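Below is one structure, written out as structure tokens; comments come after it.
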Amino acid sequence: MIFKKEITWGGRKLSIETGRFANQATGAVTVRYGDTIVLCTAVANEKANLDVDFFPLTVNYVEKAYAAGKIPGGFVKREGRPSEKETLTSRLIDRPIRPLFHEYFKNETQVICTVLSFDGENDADIISIIGASAALTLSGLPFLGPIAAAKIGYQNGEFILNPKIGQESYLDLVVAGSRDGVLMVESGAKELSEADMLAALKFGFESFQPVIDIIIQLAEKCAKEPWDVVEPDNTTKELASDIFEKYSDEIEEAYAGETKHERNDALSKVKKKICESFAVSEEISDKLVSVAFDDVCYRFVRDKILKTGKRIDGRKSKDIRKISVEAGVLPKVHGSAIFQRGETQALAVVTLGSGQDEQLVDGLAGEYKERFMLHYNFPPFSVGEVGRLGSPGRREIGHGNLARRSIVTALPSKDEFPYTIRVVSEILACNGSSSMATVCGASLALMDGGVPLKNAVAGIAMGLITDGKKYEILSDIMSEEDHLGDMDFKVAGTENGITALQMDIKVTSVTFEIIEKALKQAQTGRLHILKEMAKGLKTHRSELNENAPKMTTIVIPKDKIREVIGSGGKVIREIIEKTGTKIDIDDNGNVTVAAQNSASMEEALDIIKSIALDPIYGTIYKAKVVKIMDFGAFVNFYGSREGLVHVSEMGDKRVEKVTDVMSEGDEVEVKYLGYDNKGRARLTMKINRD
């Protein structure tokens, strides 16, 4: 049987339907918004995997080319590895639903959202979150939903619900949540104030409540019977109480270590001692003791913060770790900087290129180019581990995208700065907040390379510890606080406002009171970090790095583009081969020339100008004599243009015969004096003549 609910939402019809497709899945719905349709399925194994200490959830967002009436590009004409957009959207769906599963549910679960139809106006990301929530709610799985999400724009002082693709906006905000509060935030902004960002979050929260209503109405009609979840007995809790009573002093002493490795080593010794003491029977295994020990550490760190206001490294809640910065650390790159906050160290490196280096992206909405790329790398040695190196994972792609959104609004426009820009962040050491260290390092490296940023950008990661009644917001969280805390709240921006915001939580929701305090505390921290960054490099360098390619842009008439390119690209290829430059020409006649030195760039520019632009009155040009007549000489100047130098214009003194002054093939200097009444260029060798 088919069940369906629909509402008008943001000026368009939103419908959720179940019973038509994928009926063997544990839960399945199709969500339609405009003419964009997504099939969302949820499937869980019936048997729990009790050997894991995490919830084995996988979320996949899949775009099918047929949804937009396209055949995949490239040699293989079928969808392959996930695109960056698919990876980022998979994370976007995962983050708000993961904390709402029952604590003891360990069954392997998979959510797949497949784009079946794409109308070019309505992105599939928001309705995929809604569809995943609906599928889980109907499935009977122990999911404490439903949730919903909305995309919020901001233009002319007003918020826009679910702006269409390409619509101008100062804000690109995705907010997801439940009836009780916000669960996830992902945002890019153009220096938006904290007050405006908070108002946008409230607007989004209120806007998606009607969507939650229709999911509940659908569930009341056709939700499956709820699954049973077997909770463990009290053995772990009792064991944890015994461990806390006997070893709390040693655990406290272990956490007093100055560095992460000192603390981890000390805790490992305490844990080994406890295992040897308690694991004396089959009923109490090493694994059970390990789980109980982790519970004790979790409780210890959180209680210490809530009761004393002190963190494990001695800081108060608003304190930020020591910061050091150094710019220009690599001699042969185009810009570089090291940013270190506490034990987290990021090396950011800038490379500048031409338009030919832009990233071509082929998505459902069509092809487009990116002139700014930011790539984040997290090698295993950064946390003192051995690991496999390979393609970037979801975490690396997600962190790189967050840092990119943080920086992009501070970049100069392409007209102001025609370079393609790539930043690579190498995390050399990590103890929390490496994505925000990437933002700070990238900003410094760009300024070191001479890129004229509008303002320096900094980022800070905030945390939360709450017991349901009391709470403490933490500035600049470490790895332990991220792992044992309830929120990861990252804010990046300039001294004028927010450029990016990301929030994930491990509890069922957070209130707007907490969000407002976190935003204010983050603003104070961000301004402090910007001041510390300014000690190393206050603004961008006045000149580009000497290793960077030289680049300039000129505009030629549109009707001359074909002449510069030549038949089959012959002319432009010859210019590139002769001068060793890179040349880009767009449909508007903008010609960008990049070269490793100024001489090559000027040579290429001279050739292009000679083809596409008229000579300038009064300018002196080099010319080649091509034909001698009794009354003068015809010469080629300014490329292949031909002009006449009359015998009377060949010198300050009278010239009797042209051959007394020049021969065919000679190079001479001539001044351009415009055209005669027959349309021929008038030239003179009397250089001082007006």
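Ordering of the structure tokens sets the chain letters (A, B, ...); residue numbers start at 1 within each chain; ligands are numbered from 1 in the order shown.
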
Check the DSSP output for the backbone and give back, as a PDB file with C-alpha atoms, in the first residue's frame, the residues of range 186-372 of chain A in strand (DSSP E).
```
ATOM      1  CA  GLU A 186      27.014  23.582   8.225  1.00  0.00           C
ATOM      2  CA  SER A 187      27.483  27.108   6.971  1.00  0.00           C
ATOM      3  CA  GLY A 188      29.480  29.425   4.783  1.00  0.00           C
ATOM      4  CA  ALA A 189      28.927  33.191   5.050  1.00  0.00           C
ATOM      5  CA  LYS A 190      30.258  36.553   3.924  1.00  0.00           C
ATOM      6  CA  GLU A 191      31.368  37.977   7.280  1.00  0.00           C
ATOM      7  CA  LEU A 192      27.964  37.615   8.937  1.00  0.00           C
ATOM      8  CA  ILE A 323      49.959  30.080  19.702  1.00  0.00           C
ATOM      9  CA  SER A 324      53.041  30.439  17.518  1.00  0.00           C
ATOM     10  CA  VAL A 325      53.206  31.373  13.840  1.00  0.00           C
ATOM     11  CA  GLU A 326      55.960  31.518  11.246  1.00  0.00           C
ATOM     12  CA  ALA A 327      55.580  32.676   7.648  1.00  0.00           C
ATOM     13  CA  GLY A 335      53.770  31.032  -0.050  1.00  0.00           C
ATOM     14  CA  SER A 336      54.002  29.074   3.204  1.00  0.00           C
ATOM     15  CA  ALA A 337      53.332  29.290   6.924  1.00  0.00           C
ATOM     16  CA  ILE A 338      53.290  27.168  10.058  1.00  0.00           C
ATOM     17  CA  PHE A 339      50.511  27.713  12.578  1.00  0.00           C
ATOM     18  CA  GLN A 340      50.775  25.981  15.929  1.00  0.00           C
ATOM     19  CA  ARG A 341      48.232  26.042  18.733  1.00  0.00           C
ATOM     20  CA  THR A 344      48.423  20.982  16.969  1.00  0.00           C
ATOM     21  CA  GLN A 345      50.695  22.068  14.122  1.00  0.00           C
ATOM     22  CA  ALA A 346      49.627  22.827  10.536  1.00  0.00           C
ATOM     23  CA  LEU A 347      51.932  23.581   7.614  1.00  0.00           C
ATOM     24  CA  ALA A 348      50.080  25.463   4.863  1.00  0.00           C
ATOM     25  CA  VAL A 349      51.564  25.824   1.381  1.00  0.00           C
ATOM     26  CA  VAL A 350      50.264  28.030  -1.464  1.00  0.00           C
ATOM     27  CA  THR A 351      50.688  27.424  -5.187  1.00  0.00           C
ATOM     28  CA  LEU A 352      49.579  29.967  -7.789  1.00  0.00           C
ATOM     29  CA  GLY A 353      48.693  28.999 -11.342  1.00  0.00           C
ATOM     30  CA  GLN A 359      39.491  22.514 -11.184  1.00  0.00           C
ATOM     31  CA  LEU A 360      36.810  21.344 -13.628  1.00  0.00           C
ATOM     32  CA  VAL A 361      33.798  19.960 -11.758  1.00  0.00           C
ATOM     33  CA  ASP A 362      31.173  17.880 -13.550  1.00  0.00           C
ATOM     34  CA  GLY A 363      28.020  17.581 -11.447  1.00  0.00           C
ATOM     35  CA  GLY A 366      26.477  20.981 -15.133  1.00  0.00           C
ATOM     36  CA  GLU A 367      30.169  21.720 -15.509  1.00  0.00           C
ATOM     37  CA  TYR A 368      31.820  24.598 -13.717  1.00  0.00           C
ATOM     38  CA  LYS A 369      35.336  25.612 -12.681  1.00  0.00           C
ATOM     39  CA  GLU A 370      36.862  26.287  -9.274  1.00  0.00           C
ATOM     40  CA  PHE A 372      40.395  28.151  -5.386  1.00  0.00           C
TER      41      PHE A 372
END
```

- [ ] Find the spatial neighbours of range 569-586 of chain A, counting only C-alpha atoms, within a cut-off of 9 Å - ignore same-chain residues fewer than 2 positions away - and output them as a ChimeraX atom specification.
- [x] /A:354-356,561-567,588-596,599-601,603-604,607-608

The selected residues should be written to file as a PDB file, in the first residue's frame (atoms: N, CA and C atoms).
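Output saved as selection_9.pdb:
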```
ATOM      1  N   SER A 354      47.658  29.413 -13.465  1.00  0.00           N
ATOM      2  CA  SER A 354      46.844  30.143 -14.438  1.00  0.00           C
ATOM      3  C   SER A 354      45.448  29.539 -14.511  1.00  0.00           C
ATOM      4  N   GLY A 355      44.632  30.066 -15.401  1.00  0.00           N
ATOM      5  CA  GLY A 355      43.287  29.550 -15.586  1.00  0.00           C
ATOM      6  C   GLY A 355      43.270  28.101 -16.043  1.00  0.00           C
ATOM      7  N   GLN A 356      44.357  27.651 -16.694  1.00  0.00           N
ATOM      8  CA  GLN A 356      44.433  26.261 -17.132  1.00  0.00           C
ATOM      9  C   GLN A 356      44.525  25.293 -15.957  1.00  0.00           C
ATOM     10  N   ILE A 561      38.952  37.478 -31.170  1.00  0.00           N
ATOM     11  CA  ILE A 561      39.311  36.253 -30.444  1.00  0.00           C
ATOM     12  C   ILE A 561      39.727  35.154 -31.414  1.00  0.00           C
ATOM     13  N   ARG A 562      38.959  35.014 -32.492  1.00  0.00           N
ATOM     14  CA  ARG A 562      39.245  33.954 -33.463  1.00  0.00           C
ATOM     15  C   ARG A 562      40.614  34.141 -34.094  1.00  0.00           C
ATOM     16  N   GLU A 563      41.004  35.391 -34.346  1.00  0.00           N
ATOM     17  CA  GLU A 563      42.308  35.647 -34.968  1.00  0.00           C
ATOM     18  C   GLU A 563      43.447  35.276 -34.028  1.00  0.00           C
ATOM     19  N   VAL A 564      43.275  35.540 -32.742  1.00  0.00           N
ATOM     20  CA  VAL A 564      44.331  35.210 -31.776  1.00  0.00           C
ATOM     21  C   VAL A 564      44.456  33.703 -31.618  1.00  0.00           C
ATOM     22  N   ILE A 565      43.317  33.007 -31.621  1.00  0.00           N
ATOM     23  CA  ILE A 565      43.353  31.551 -31.477  1.00  0.00           C
ATOM     24  C   ILE A 565      43.851  30.883 -32.758  1.00  0.00           C
ATOM     25  N   GLY A 566      43.362  31.358 -33.897  1.00  0.00           N
ATOM     26  CA  GLY A 566      43.761  30.794 -35.174  1.00  0.00           C
ATOM     27  C   GLY A 566      43.000  29.527 -35.506  1.00  0.00           C
ATOM     28  N   SER A 567      43.131  29.091 -36.733  1.00  0.00           N
ATOM     29  CA  SER A 567      42.438  27.890 -37.197  1.00  0.00           C
ATOM     30  C   SER A 567      42.947  26.670 -36.429  1.00  0.00           C
ATOM     31  N   ASN A 588      34.512  36.548 -23.373  1.00  0.00           N
ATOM     32  CA  ASN A 588      34.340  38.001 -23.285  1.00  0.00           C
ATOM     33  C   ASN A 588      35.562  38.768 -23.773  1.00  0.00           C
ATOM     34  N   GLY A 589      36.585  38.027 -24.238  1.00  0.00           N
ATOM     35  CA  GLY A 589      37.782  38.704 -24.738  1.00  0.00           C
ATOM     36  C   GLY A 589      38.831  38.968 -23.684  1.00  0.00           C
ATOM     37  N   ASN A 590      38.661  38.391 -22.471  1.00  0.00           N
ATOM     38  CA  ASN A 590      39.684  38.545 -21.433  1.00  0.00           C
ATOM     39  C   ASN A 590      40.819  37.567 -21.715  1.00  0.00           C
ATOM     40  N   VAL A 591      42.017  38.090 -21.915  1.00  0.00           N
ATOM     41  CA  VAL A 591      43.187  37.273 -22.218  1.00  0.00           C
ATOM     42  C   VAL A 591      44.135  37.346 -21.030  1.00  0.00           C
ATOM     43  N   THR A 592      44.419  36.186 -20.432  1.00  0.00           N
ATOM     44  CA  THR A 592      45.333  36.114 -19.293  1.00  0.00           C
ATOM     45  C   THR A 592      46.592  35.387 -19.730  1.00  0.00           C
ATOM     46  N   VAL A 593      47.729  36.026 -19.482  1.00  0.00           N
ATOM     47  CA  VAL A 593      49.026  35.463 -19.842  1.00  0.00           C
ATOM     48  C   VAL A 593      49.819  35.219 -18.567  1.00  0.00           C
ATOM     49  N   ALA A 594      50.319  33.996 -18.402  1.00  0.00           N
ATOM     50  CA  ALA A 594      51.135  33.641 -17.243  1.00  0.00           C
ATOM     51  C   ALA A 594      52.479  33.140 -17.727  1.00  0.00           C
ATOM     52  N   ALA A 595      53.534  33.548 -17.017  1.00  0.00           N
ATOM     53  CA  ALA A 595      54.888  33.141 -17.402  1.00  0.00           C
ATOM     54  C   ALA A 595      55.770  33.125 -16.161  1.00  0.00           C
ATOM     55  N   GLN A 596      56.916  32.459 -16.272  1.00  0.00           N
ATOM     56  CA  GLN A 596      57.844  32.396 -15.147  1.00  0.00           C
ATOM     57  C   GLN A 596      58.691  33.659 -15.021  1.00  0.00           C
ATOM     58  N   ALA A 599      59.891  38.967 -18.950  1.00  0.00           N
ATOM     59  CA  ALA A 599      60.260  39.118 -20.361  1.00  0.00           C
ATOM     60  C   ALA A 599      59.392  38.226 -21.248  1.00  0.00           C
ATOM     61  N   SER A 600      59.196  36.971 -20.850  1.00  0.00           N
ATOM     62  CA  SER A 600      58.356  36.060 -21.641  1.00  0.00           C
ATOM     63  C   SER A 600      56.917  36.544 -21.689  1.00  0.00           C
ATOM     64  N   MET A 601      56.427  37.039 -20.545  1.00  0.00           N
ATOM     65  CA  MET A 601      55.054  37.527 -20.500  1.00  0.00           C
ATOM     66  C   MET A 601      54.868  38.722 -21.438  1.00  0.00           C
ATOM     67  N   GLU A 603      56.636  39.481 -24.066  1.00  0.00           N
ATOM     68  CA  GLU A 603      56.761  39.046 -25.458  1.00  0.00           C
ATOM     69  C   GLU A 603      55.433  38.487 -25.960  1.00  0.00           C
ATOM     70  N   ALA A 604      54.793  37.649 -25.140  1.00  0.00           N
ATOM     71  CA  ALA A 604      53.504  37.082 -25.543  1.00  0.00           C
ATOM     72  C   ALA A 604      52.442  38.166 -25.668  1.00  0.00           C
ATOM     73  N   ILE A 607      52.760  40.104 -28.919  1.00  0.00           N
ATOM     74  CA  ILE A 607      52.258  39.377 -30.091  1.00  0.00           C
ATOM     75  C   ILE A 607      50.734  39.415 -30.129  1.00  0.00           C
ATOM     76  N   ILE A 608      50.108  39.185 -28.980  1.00  0.00           N
ATOM     77  CA  ILE A 608      48.636  39.179 -28.923  1.00  0.00           C
ATOM     78  C   ILE A 608      48.079  40.565 -29.259  1.00  0.00           C
TER      79      ILE A 608
END
```

Could you give me, as a tab-separated table, every range 357-422 of chain A residue with an atom at most 8 Å from range 487-502 of chain A, plus its closest atom pair and distance in Å to one decimal, counting only C-alpha atoms, rows ordered by chain then number?
```
residue	atom	partner	partner_atom	distance
A:Leu402	CA	A:Ala500	CA	7.1
A:Arg405	CA	A:Ala500	CA	6.1
A:Ser406	CA	A:Ala500	CA	4.9
A:Ile407	CA	A:Thr499	CA	7.3
A:Thr409	CA	A:Thr499	CA	7.0
```

Could you take the residues named above and write them with N, CA and C atoms, as a PDB file, in the first residue's frame?
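Now in again-v2.pdb:
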```pdb
ATOM      1  N   LEU A 402      35.531  22.561   4.804  1.00  0.00           N
ATOM      2  CA  LEU A 402      35.223  23.553   5.834  1.00  0.00           C
ATOM      3  C   LEU A 402      36.241  24.685   5.807  1.00  0.00           C
ATOM      4  N   ARG A 405      35.647  26.904   2.725  1.00  0.00           N
ATOM      5  CA  ARG A 405      34.524  27.828   2.889  1.00  0.00           C
ATOM      6  C   ARG A 405      34.896  28.983   3.811  1.00  0.00           C
ATOM      7  N   SER A 406      35.776  28.707   4.760  1.00  0.00           N
ATOM      8  CA  SER A 406      36.199  29.744   5.704  1.00  0.00           C
ATOM      9  C   SER A 406      37.007  30.837   5.018  1.00  0.00           C
ATOM     10  N   ILE A 407      37.806  30.445   4.024  1.00  0.00           N
ATOM     11  CA  ILE A 407      38.753  31.370   3.392  1.00  0.00           C
ATOM     12  C   ILE A 407      38.191  32.051   2.159  1.00  0.00           C
ATOM     13  N   THR A 409      35.605  33.586   0.985  1.00  0.00           N
ATOM     14  CA  THR A 409      34.984  34.915   0.913  1.00  0.00           C
ATOM     15  C   THR A 409      35.989  36.043   1.146  1.00  0.00           C
TER      16      THR A 409
END
```

From a DSSP calculation on the backbone, collect every residue of range 15-181 of chain A in helix (DSSP H, G or I) and output the set as a tab-separated table (two decimals) with C-alpha atoms, in the first residue's frame.
```tsv
chain	number	residue	atom	x	y	z
A	65	ALA	CA	23.78	11.12	-14.07
A	66	TYR	CA	20.47	10.10	-15.63
A	67	ALA	CA	18.72	12.21	-12.98
A	68	ALA	CA	19.80	15.30	-14.92
A	84	GLU	CA	33.51	15.33	-3.58
A	85	LYS	CA	29.90	16.57	-3.58
A	86	GLU	CA	28.62	13.05	-2.88
A	87	THR	CA	31.13	12.56	-0.06
A	88	LEU	CA	30.28	15.90	1.58
A	89	THR	CA	26.54	15.26	1.31
A	90	SER	CA	26.97	11.78	2.81
A	91	ARG	CA	28.62	13.42	5.81
A	92	LEU	CA	25.86	16.03	5.94
A	93	ILE	CA	23.21	13.29	6.26
A	94	ASP	CA	25.23	11.18	8.71
A	95	ARG	CA	25.97	13.89	11.24
A	96	PRO	CA	22.43	14.73	12.49
A	97	ILE	CA	21.09	11.15	12.51
A	98	ARG	CA	24.02	9.36	14.18
A	99	PRO	CA	23.51	10.74	17.72
A	100	LEU	CA	19.82	9.75	17.75
A	125	ASP	CA	21.03	17.53	-0.06
A	126	ILE	CA	18.26	18.86	2.20
A	127	ILE	CA	15.61	16.42	1.02
A	128	SER	CA	18.12	13.59	1.47
A	129	ILE	CA	18.42	14.44	5.17
A	130	ILE	CA	14.63	14.59	5.39
A	131	GLY	CA	14.30	11.29	3.50
A	132	ALA	CA	16.88	9.51	5.67
A	133	SER	CA	15.00	10.68	8.78
A	134	ALA	CA	11.66	9.50	7.37
A	135	ALA	CA	13.01	6.11	6.28
A	136	LEU	CA	14.52	5.50	9.73
A	137	THR	CA	11.37	6.68	11.52
A	138	LEU	CA	9.21	4.28	9.49
A	139	SER	CA	11.67	1.37	9.77
```

Open item on the list: Give me, as a ChimeraX atom specification, all polymer residues having an atom no more than 7 Å from Asn60 in chain A, counting only C-alpha atoms and skipping those fewer than 5 positions away in the same chain.
Closed with: /A:90,111-113

Task: Using only C-alpha atoms: which of A:Ile147, A:Ile214, A:Met685, A:Ile243 has the shortest distance to Lys273 in chain A - done: A:Ile243

For range 52-55 of chain A, find every residue with an atom within 10 Å (counting only C-alpha atoms), except residues of its own chain fewer than 2 positions away, and show them as a PDB file with C-alpha atoms, in the first residue's frame.
```
ATOM      1  CA  ALA A  48      23.850  -7.033  16.712  1.00  0.00           C
ATOM      2  CA  ASN A  49      27.639  -6.835  16.421  1.00  0.00           C
ATOM      3  CA  LEU A  50      28.594  -6.868  20.097  1.00  0.00           C
ATOM      4  CA  LEU A  57      26.418   3.164  10.640  1.00  0.00           C
ATOM      5  CA  THR A  58      27.220   3.863   6.975  1.00  0.00           C
ATOM      6  CA  ARG A  98      24.017   9.355  14.179  1.00  0.00           C
ATOM      7  CA  PRO A  99      23.510  10.738  17.725  1.00  0.00           C
ATOM      8  CA  PHE A 101      20.256   5.993  17.675  1.00  0.00           C
ATOM      9  CA  HIS A 102      19.847   4.076  20.917  1.00  0.00           C
ATOM     10  CA  GLU A 103      23.063   3.963  22.937  1.00  0.00           C
ATOM     11  CA  TYR A 104      23.206   0.141  22.940  1.00  0.00           C
ATOM     12  CA  PHE A 105      22.108  -0.454  19.328  1.00  0.00           C
ATOM     13  CA  LYS A 106      25.122  -2.140  17.643  1.00  0.00           C
ATOM     14  CA  ASN A 107      23.459  -3.613  14.539  1.00  0.00           C
ATOM     15  CA  GLU A 108      25.224  -2.759  11.287  1.00  0.00           C
ATOM     16  CA  THR A 109      23.050  -0.137   9.586  1.00  0.00           C
ATOM     17  CA  VAL A 291      35.005  -0.700  28.822  1.00  0.00           C
TER      18      VAL A 291
END
```

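Distance annotation: of A:Asp319, A:Asp504, A:Glu642, A:Glu669, the residue with the minimal separation from His528 in chain A is A:Asp319; atom set is only C-alpha atoms.
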
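For the pair CA of Ser83 in chain A and CA of Gly34 in chain A, the interatomic distance is 23.9 Å.
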
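Distances here use only C-alpha atoms; by that measure, the residue among A:Ala256, A:Ala522, A:Leu198, A:Leu444 closest to Arg311 in chain A is A:Ala256.
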
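Omitting Phe21 in chain A and its sequence neighbours fewer than 4 positions away, and counting only C-alpha atoms, the residues within 10 Å are Ile2, Glu17, Ala25, Ala28, Val29, Thr30, Leu39, Cys40 and Thr41 of chain A.
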
Pull N, CA and C atoms from the residues just selected and write them as an mmCIF file, in the first residue's frame.
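What follows is the written file again.cif:
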```cif
data_model
loop_
_atom_site.group_PDB
_atom_site.id
_atom_site.type_symbol
_atom_site.label_atom_id
_atom_site.label_comp_id
_atom_site.auth_asym_id
_atom_site.auth_seq_id
_atom_site.Cartn_x
_atom_site.Cartn_y
_atom_site.Cartn_z
ATOM 1 N N ILE A 2 0.465 2.257 -0.742
ATOM 2 C CA ILE A 2 1.229 3.501 -0.845
ATOM 3 C C ILE A 2 0.653 4.540 0.113
ATOM 4 N N GLU A 17 6.735 9.935 0.307
ATOM 5 C CA GLU A 17 5.906 8.791 -0.067
ATOM 6 C C GLU A 17 6.620 7.495 0.283
ATOM 7 N N ALA A 25 13.571 -3.117 1.725
ATOM 8 C CA ALA A 25 14.414 -2.400 2.688
ATOM 9 C C ALA A 25 13.692 -2.326 4.026
ATOM 10 N N ALA A 28 11.910 2.673 3.626
ATOM 11 C CA ALA A 28 12.196 3.314 2.339
ATOM 12 C C ALA A 28 11.158 4.378 2.040
ATOM 13 N N VAL A 29 11.622 5.545 1.568
ATOM 14 C CA VAL A 29 10.721 6.619 1.149
ATOM 15 C C VAL A 29 11.295 7.286 -0.096
ATOM 16 N N THR A 30 10.423 7.944 -0.867
ATOM 17 C CA THR A 30 10.878 8.872 -1.895
ATOM 18 C C THR A 30 10.436 10.268 -1.467
ATOM 19 N N LEU A 39 15.397 8.818 -3.569
ATOM 20 C CA LEU A 39 14.981 7.580 -2.908
ATOM 21 C C LEU A 39 15.907 7.353 -1.720
ATOM 22 N N CYS A 40 15.323 7.252 -0.520
ATOM 23 C CA CYS A 40 16.103 7.068 0.701
ATOM 24 C C CYS A 40 15.724 5.737 1.351
ATOM 25 N N THR A 41 16.715 4.893 1.585
ATOM 26 C CA THR A 41 16.473 3.580 2.184
ATOM 27 C C THR A 41 17.316 3.408 3.436
#
```

So that I can see what lies close to range 675-680 of chain A, please list as a PDB file with N, CA and C atoms, in the first residue's frame the residues with an atom at most 10 Å from it, counting only C-alpha atoms and leaving out residues fewer than 3 positions away in the same chain.
```pdb
ATOM      1  N   TYR A 617      48.581  55.753 -31.196  1.00  0.00           N
ATOM      2  CA  TYR A 617      49.143  56.950 -31.836  1.00  0.00           C
ATOM      3  C   TYR A 617      50.350  57.446 -31.042  1.00  0.00           C
ATOM      4  N   ARG A 641      50.985  44.016 -39.324  1.00  0.00           N
ATOM      5  CA  ARG A 641      50.411  45.210 -39.960  1.00  0.00           C
ATOM      6  C   ARG A 641      51.445  45.858 -40.886  1.00  0.00           C
ATOM      7  N   GLU A 642      50.929  46.352 -42.015  1.00  0.00           N
ATOM      8  CA  GLU A 642      51.816  46.970 -42.999  1.00  0.00           C
ATOM      9  C   GLU A 642      51.598  48.471 -43.012  1.00  0.00           C
ATOM     10  N   GLY A 643      52.683  49.192 -43.124  1.00  0.00           N
ATOM     11  CA  GLY A 643      52.595  50.642 -43.205  1.00  0.00           C
ATOM     12  C   GLY A 643      53.649  51.193 -44.150  1.00  0.00           C
ATOM     13  N   LEU A 644      53.463  52.457 -44.547  1.00  0.00           N
ATOM     14  CA  LEU A 644      54.392  53.107 -45.470  1.00  0.00           C
ATOM     15  C   LEU A 644      55.208  54.159 -44.739  1.00  0.00           C
ATOM     16  N   TYR A 672      54.151  55.596 -35.001  1.00  0.00           N
ATOM     17  CA  TYR A 672      52.853  55.467 -35.656  1.00  0.00           C
ATOM     18  C   TYR A 672      52.115  56.801 -35.576  1.00  0.00           C
ATOM     19  N   LEU A 683      53.612  56.224 -41.034  1.00  0.00           N
ATOM     20  CA  LEU A 683      54.743  55.976 -40.151  1.00  0.00           C
ATOM     21  C   LEU A 683      55.845  56.980 -40.435  1.00  0.00           C
TER      22      LEU A 683
END
```
